[in-house]
Amino acid sequence: FDVPQAPIDEAVKFVRNCYRPQFGAFLLHASDEDYRSRGMAGAGILALAHAGRVEEAETLGRELLRRREDDPVARLNLGRIFRTGGKPIEAIREYKRLLEHRPGYAPAHFRLAEAFDEVGDDRQAVTQLRAALRKEKALGEHMPEAWRMLAWKLATCDDPGIRHALDAVKAAETANRTTGEKDPLFLDTLAAAYASNGQYDLASSTAQRAVDAALFGDQLELVSQIRQRLKLYEDE
């Protein structure tokens, strides 16, 4: 479960008011009845981590997992807490444990790829992304980002043993189709894939579309980054 879209401070307030450690869950009040929700518990604990209270979130996350060792979401969330706290190695350990019990579990492969990316292990990141995308429907809302991440790695990785221009283009085109071809980050990735395949005219025009989309969204830092790459494509 992802962190709720409500403001973080409201989520933290909810954590403090509603968490009941004896149940390992939050209590949701509706009429005169209490409903326990592991999903809300996980979301609230993640909200604590994103609010900077990582140690507290780790303690609660471990406790929730201790009570629900067979819950894959609880272990995924604990991994995300570790990553939020700058502990990707511990997150990798948790994701691997999950895959030992649930081989082929796409969300775990995806989160593992993110963690390997954070520690700079491109080869493992690509391996995990490919594993996740073998069951892409199970990724749900994370499926487009998995395709985008794979495309970026295959197009830009320094290791020639990992780069694969044609696969990068295919992955980037798939990613863009899933997002309506309007997301500047996804368009930027597609431009990089075209450039890696020697299609510099397409790379330039796609990068310009990415710039326009980023400007529309007031993403000025991304605009600057894309323009630097656009100049490289135009110079080829």
# chains A, B, ... in the order shown; residues from 1 in each chain; ligands from 1

$ residues_around --residues "stretch 183-195 of chain A" --least-positions-apart "6" --cutoff "7 Å" --atoms "only C-alpha atoms" --output "PyMOL selection string"
chain A and resi 148+151-152+155+165+168-169+172-173+175-176+202-204+206-207+210-211+213-214+226+233

$ write_last_selection --atoms "N, CA and C atoms" --output "tab-separated table (two decimals), in the first residue's frame"
chain	number	residue	atom	x	y	z
A	148	ARG	N	9.76	1.94	-17.81
A	148	ARG	CA	10.60	3.12	-17.99
A	148	ARG	C	11.99	2.90	-17.41
A	151	ALA	N	13.98	0.62	-19.65
A	151	ALA	CA	14.41	1.32	-20.85
A	151	ALA	C	15.60	2.23	-20.58
A	152	TRP	N	15.54	2.96	-19.47
A	152	TRP	CA	16.62	3.89	-19.14
A	152	TRP	C	17.93	3.14	-18.92
A	155	ALA	N	19.35	1.83	-22.16
A	155	ALA	CA	19.78	2.90	-23.08
A	155	ALA	C	21.02	3.63	-22.59
A	165	ALA	N	20.21	-1.36	-27.22
A	165	ALA	CA	19.47	-0.23	-27.79
A	165	ALA	C	18.08	-0.62	-28.26
A	168	ALA	N	15.81	-1.27	-25.47
A	168	ALA	CA	15.53	-0.01	-24.79
A	168	ALA	C	14.39	0.74	-25.48
A	169	VAL	N	14.45	0.77	-26.81
A	169	VAL	CA	13.39	1.45	-27.57
A	169	VAL	C	12.05	0.77	-27.35
A	172	ALA	N	10.83	1.56	-23.82
A	172	ALA	CA	10.45	2.96	-23.67
A	172	ALA	C	9.14	3.26	-24.40
A	173	GLU	N	8.97	2.67	-25.58
A	173	GLU	CA	7.71	2.87	-26.31
A	173	GLU	C	6.54	2.26	-25.55
A	175	ALA	N	6.38	1.86	-22.28
A	175	ALA	CA	6.15	2.71	-21.12
A	175	ALA	C	5.35	3.95	-21.49
A	176	ASN	N	5.68	4.55	-22.62
A	176	ASN	CA	4.98	5.77	-23.04
A	176	ASN	C	3.54	5.51	-23.45
A	202	LEU	N	14.72	11.42	-34.24
A	202	LEU	CA	13.61	11.05	-33.37
A	202	LEU	C	13.92	11.42	-31.92
A	203	ALA	N	15.17	11.21	-31.54
A	203	ALA	CA	15.58	11.55	-30.17
A	203	ALA	C	15.39	13.04	-29.92
A	204	SER	N	15.78	13.87	-30.88
A	204	SER	CA	15.67	15.32	-30.72
A	204	SER	C	14.22	15.76	-30.64
A	206	THR	N	11.62	14.00	-29.83
A	206	THR	CA	10.98	13.46	-28.62
A	206	THR	C	11.45	14.22	-27.39
A	207	ALA	N	12.73	14.57	-27.35
A	207	ALA	CA	13.24	15.34	-26.23
A	207	ALA	C	12.58	16.72	-26.16
A	210	ALA	N	9.37	16.35	-24.59
A	210	ALA	CA	9.58	16.19	-23.14
A	210	ALA	C	9.78	17.54	-22.47
A	211	VAL	N	10.56	18.41	-23.12
A	211	VAL	CA	10.78	19.76	-22.59
A	211	VAL	C	9.46	20.50	-22.48
A	213	ALA	N	6.45	19.32	-22.25
A	213	ALA	CA	5.60	18.73	-21.21
A	213	ALA	C	6.10	19.12	-19.82
A	214	ALA	N	7.41	19.15	-19.64
A	214	ALA	CA	7.97	19.53	-18.34
A	214	ALA	C	7.72	21.00	-18.04
A	226	ILE	N	16.80	17.82	-19.45
A	226	ILE	CA	16.43	17.34	-20.78
A	226	ILE	C	17.09	18.20	-21.86
A	233	TYR	N	21.91	15.34	-28.62
A	233	TYR	CA	21.27	14.66	-29.76
A	233	TYR	C	21.38	15.53	-31.02

$ residues_around --residues "stretch 118-121 of chain A" --least-positions-apart "6" --cutoff "9 Å" --atoms "only C-alpha atoms" --output "JSON, numbers by chain"
{"A": [83, 88, 89]}

$ write_last_selection --atoms "all heavy atoms" --output "compact mmCIF listing (two decimals), in the first residue's frame"
# COMPACT_ATOMS: atom_id res chain seq x y z
N ARG A 83 14.58 1.77 2.99
CA ARG A 83 15.10 2.62 1.92
C ARG A 83 14.90 4.09 2.24
O ARG A 83 15.78 4.92 1.97
CB ARG A 83 14.43 2.25 0.59
CG ARG A 83 14.88 0.89 0.06
CD ARG A 83 14.03 0.42 -1.09
NE ARG A 83 13.95 1.44 -2.12
CZ ARG A 83 12.92 1.57 -2.93
NH1 ARG A 83 11.86 0.78 -2.81
NH2 ARG A 83 12.93 2.50 -3.86
N PRO A 88 19.39 0.75 2.03
CA PRO A 88 18.96 -0.11 0.92
C PRO A 88 19.42 -1.56 1.04
O PRO A 88 18.73 -2.46 0.55
CB PRO A 88 19.58 0.57 -0.31
CG PRO A 88 20.74 1.34 0.22
CD PRO A 88 20.31 1.82 1.58
N ILE A 89 20.57 -1.79 1.69
CA ILE A 89 21.05 -3.17 1.84
C ILE A 89 20.08 -3.98 2.70
O ILE A 89 19.78 -5.14 2.39
CB ILE A 89 22.46 -3.18 2.47
CG1 ILE A 89 23.45 -2.46 1.55
CG2 ILE A 89 22.91 -4.63 2.71
CD1 ILE A 89 23.59 -3.06 0.17

$ select_by_dssp --residues "stretch 99-209 of chain A" --states "helix (DSSP H, G or I)" --output "PyMOL selection string"
chain A and resi 99-101+106-118+122-133+136-156+165-178+184-196+200-209

$ closest_residue --among "A:Ile45, A:His164, A:Ala125, A:Pro107" --to "A:His142" --atoms "only C-alpha atoms"
A:Pro107

$ closest_residue --among "A:Thr127, A:Thr84, A:Asn77, A:Ser196" --to "A:Arg62" --atoms "only C-alpha atoms"
A:Asn77

$ select_by_dssp --residues "stretch 23-227 of chain A" --states "strand (DSSP E)" --output "ChimeraX atom specification"
/A:25-30,33-37

$ closest_residue --among "A:Lys182, A:Thr59, A:Phe216, A:Cys157" --to "A:Asp117" --atoms "only C-alpha atoms"
A:Cys157

$ residues_around --residues "A:Val126" --least-positions-apart "4" --cutoff "7 Å" --atoms "only C-alpha atoms" --output "list in words"
Ala113, Asp122, Arg130 and Leu150 of chain A

$ write_last_selection --atoms "N, CA and C atoms" --output "compact mmCIF listing (two decimals), in the first residue's frame"
# COMPACT_ATOMS: atom_id res chain seq x y z
N ALA A 113 14.50 -4.23 -7.60
CA ALA A 113 15.18 -3.49 -8.67
C ALA A 113 15.46 -2.05 -8.24
N ASP A 122 23.58 -2.02 -11.46
CA ASP A 122 22.73 -1.97 -12.65
C ASP A 122 22.36 -3.34 -13.17
N ARG A 130 13.34 -7.23 -15.35
CA ARG A 130 12.87 -8.21 -16.33
C ARG A 130 12.00 -9.27 -15.65
N LEU A 150 13.54 0.09 -16.92
CA LEU A 150 14.28 -0.87 -17.75
C LEU A 150 14.81 -0.19 -19.00

$ atom_distance --atom1 "atom CA of A:His109" --atom2 "atom CA of A:Thr174"
19.1 Å

$ closest_residue --among "A:Leu220, A:Val54, A:Pro144, A:Glu94" --to "A:Ile81" --atoms "only C-alpha atoms"
A:Val54

$ closest_residue --among "A:Arg75, A:Arg80, A:Lys153, A:Arg68" --to "A:His50" --atoms "only C-alpha atoms"
A:Arg80

$ atom_distance --atom1 "atom CA of A:Phe110" --atom2 "atom CA of A:Glu141"
11.6 Å

$ closest_residue --among "A:Pro72, A:Gly180, A:Gly42, A:Gly79" --to "A:Leu99" --atoms "only C-alpha atoms"
A:Pro72

$ decode --residues "stretch 91-177 of chain A" --atoms "C-alpha atoms" --output "mmCIF file, in the first residue's frame"
data_model
loop_
_atom_site.group_PDB
_atom_site.id
_atom_site.type_symbol
_atom_site.label_atom_id
_atom_site.label_comp_id
_atom_site.auth_asym_id
_atom_site.auth_seq_id
_atom_site.Cartn_x
_atom_site.Cartn_y
_atom_site.Cartn_z
ATOM 1 C CA ALA A 91 15.740 -3.480 2.173
ATOM 2 C CA ILE A 92 17.347 -5.850 -0.327
ATOM 3 C CA ARG A 93 17.560 -8.474 2.401
ATOM 4 C CA GLU A 94 13.835 -8.135 3.145
ATOM 5 C CA TYR A 95 12.822 -8.320 -0.507
ATOM 6 C CA LYS A 96 14.946 -11.428 -1.032
ATOM 7 C CA ARG A 97 13.324 -13.072 1.973
ATOM 8 C CA LEU A 98 9.935 -12.339 0.475
ATOM 9 C CA LEU A 99 10.938 -13.886 -2.850
ATOM 10 C CA GLU A 100 12.153 -16.998 -1.049
ATOM 11 C CA HIS A 101 8.609 -17.522 0.197
ATOM 12 C CA ARG A 102 6.835 -16.177 -2.894
ATOM 13 C CA PRO A 103 8.989 -16.898 -5.966
ATOM 14 C CA GLY A 104 8.123 -14.736 -8.946
ATOM 15 C CA TYR A 105 6.181 -12.188 -6.885
ATOM 16 C CA ALA A 106 6.309 -9.207 -9.262
ATOM 17 C CA PRO A 107 6.006 -6.362 -6.696
ATOM 18 C CA ALA A 108 8.987 -7.769 -4.769
ATOM 19 C CA HIS A 109 11.085 -7.986 -7.940
ATOM 20 C CA PHE A 110 10.189 -4.366 -8.747
ATOM 21 C CA ARG A 111 11.074 -3.047 -5.283
ATOM 22 C CA LEU A 112 14.266 -5.107 -5.355
ATOM 23 C CA ALA A 113 15.179 -3.489 -8.669
ATOM 24 C CA GLU A 114 14.682 -0.049 -7.120
ATOM 25 C CA ALA A 115 16.912 -0.986 -4.191
ATOM 26 C CA PHE A 116 19.655 -2.369 -6.434
ATOM 27 C CA ASP A 117 19.425 0.846 -8.455
ATOM 28 C CA GLU A 118 20.012 2.827 -5.263
ATOM 29 C CA VAL A 119 23.232 0.914 -4.513
ATOM 30 C CA GLY A 120 24.425 1.231 -8.122
ATOM 31 C CA ASP A 121 24.070 -2.426 -9.127
ATOM 32 C CA ASP A 122 22.732 -1.967 -12.654
ATOM 33 C CA ARG A 123 23.035 -5.602 -13.661
ATOM 34 C CA GLN A 124 20.912 -6.816 -10.755
ATOM 35 C CA ALA A 125 18.446 -3.960 -11.260
ATOM 36 C CA VAL A 126 17.891 -5.007 -14.880
ATOM 37 C CA THR A 127 17.576 -8.660 -13.890
ATOM 38 C CA GLN A 128 14.907 -7.833 -11.319
ATOM 39 C CA LEU A 129 13.024 -5.521 -13.672
ATOM 40 C CA ARG A 130 12.868 -8.213 -16.335
ATOM 41 C CA ALA A 131 11.623 -10.689 -13.706
ATOM 42 C CA ALA A 132 8.932 -8.242 -12.547
ATOM 43 C CA LEU A 133 7.756 -7.528 -16.074
ATOM 44 C CA ARG A 134 7.258 -11.209 -16.831
ATOM 45 C CA LYS A 135 4.112 -10.734 -14.725
ATOM 46 C CA GLU A 136 3.533 -7.094 -15.568
ATOM 47 C CA LYS A 137 -0.187 -7.095 -14.762
ATOM 48 C CA ALA A 138 0.651 -7.996 -11.162
ATOM 49 C CA LEU A 139 2.617 -4.724 -10.894
ATOM 50 C CA GLY A 140 -0.548 -2.657 -11.147
ATOM 51 C CA GLU A 141 0.187 1.069 -11.092
ATOM 52 C CA HIS A 142 3.942 0.418 -10.983
ATOM 53 C CA MET A 143 4.012 -1.316 -14.360
ATOM 54 C CA PRO A 144 4.718 1.847 -16.444
ATOM 55 C CA GLU A 145 7.606 2.843 -14.176
ATOM 56 C CA ALA A 146 9.094 -0.646 -14.392
ATOM 57 C CA TRP A 147 9.140 -0.391 -18.201
ATOM 58 C CA ARG A 148 10.600 3.122 -17.991
ATOM 59 C CA MET A 149 13.340 2.084 -15.562
ATOM 60 C CA LEU A 150 14.278 -0.873 -17.750
ATOM 61 C CA ALA A 151 14.413 1.320 -20.855
ATOM 62 C CA TRP A 152 16.625 3.886 -19.141
ATOM 63 C CA LYS A 153 19.069 1.232 -17.931
ATOM 64 C CA LEU A 154 19.269 -0.448 -21.326
ATOM 65 C CA ALA A 155 19.784 2.899 -23.078
ATOM 66 C CA THR A 156 22.215 4.681 -20.771
ATOM 67 C CA CYS A 157 24.099 2.142 -18.638
ATOM 68 C CA ASP A 158 27.885 2.529 -18.745
ATOM 69 C CA ASP A 159 28.296 -1.254 -18.922
ATOM 70 C CA PRO A 160 28.159 -2.324 -22.591
ATOM 71 C CA GLY A 161 27.159 -5.784 -21.423
ATOM 72 C CA ILE A 162 23.908 -4.352 -20.096
ATOM 73 C CA ARG A 163 23.084 -1.819 -22.813
ATOM 74 C CA HIS A 164 20.731 -3.006 -25.539
ATOM 75 C CA ALA A 165 19.467 -0.229 -27.787
ATOM 76 C CA LEU A 166 16.669 -2.111 -29.538
ATOM 77 C CA ASP A 167 15.240 -3.483 -26.295
ATOM 78 C CA ALA A 168 15.527 -0.005 -24.787
ATOM 79 C CA VAL A 169 13.393 1.450 -27.573
ATOM 80 C CA LYS A 170 10.775 -1.279 -27.218
ATOM 81 C CA ALA A 171 10.606 -0.831 -23.439
ATOM 82 C CA ALA A 172 10.446 2.965 -23.670
ATOM 83 C CA GLU A 173 7.712 2.874 -26.307
ATOM 84 C CA THR A 174 5.703 0.471 -24.144
ATOM 85 C CA ALA A 175 6.152 2.712 -21.115
ATOM 86 C CA ASN A 176 4.980 5.773 -23.038
ATOM 87 C CA ARG A 177 1.918 4.035 -24.411
#
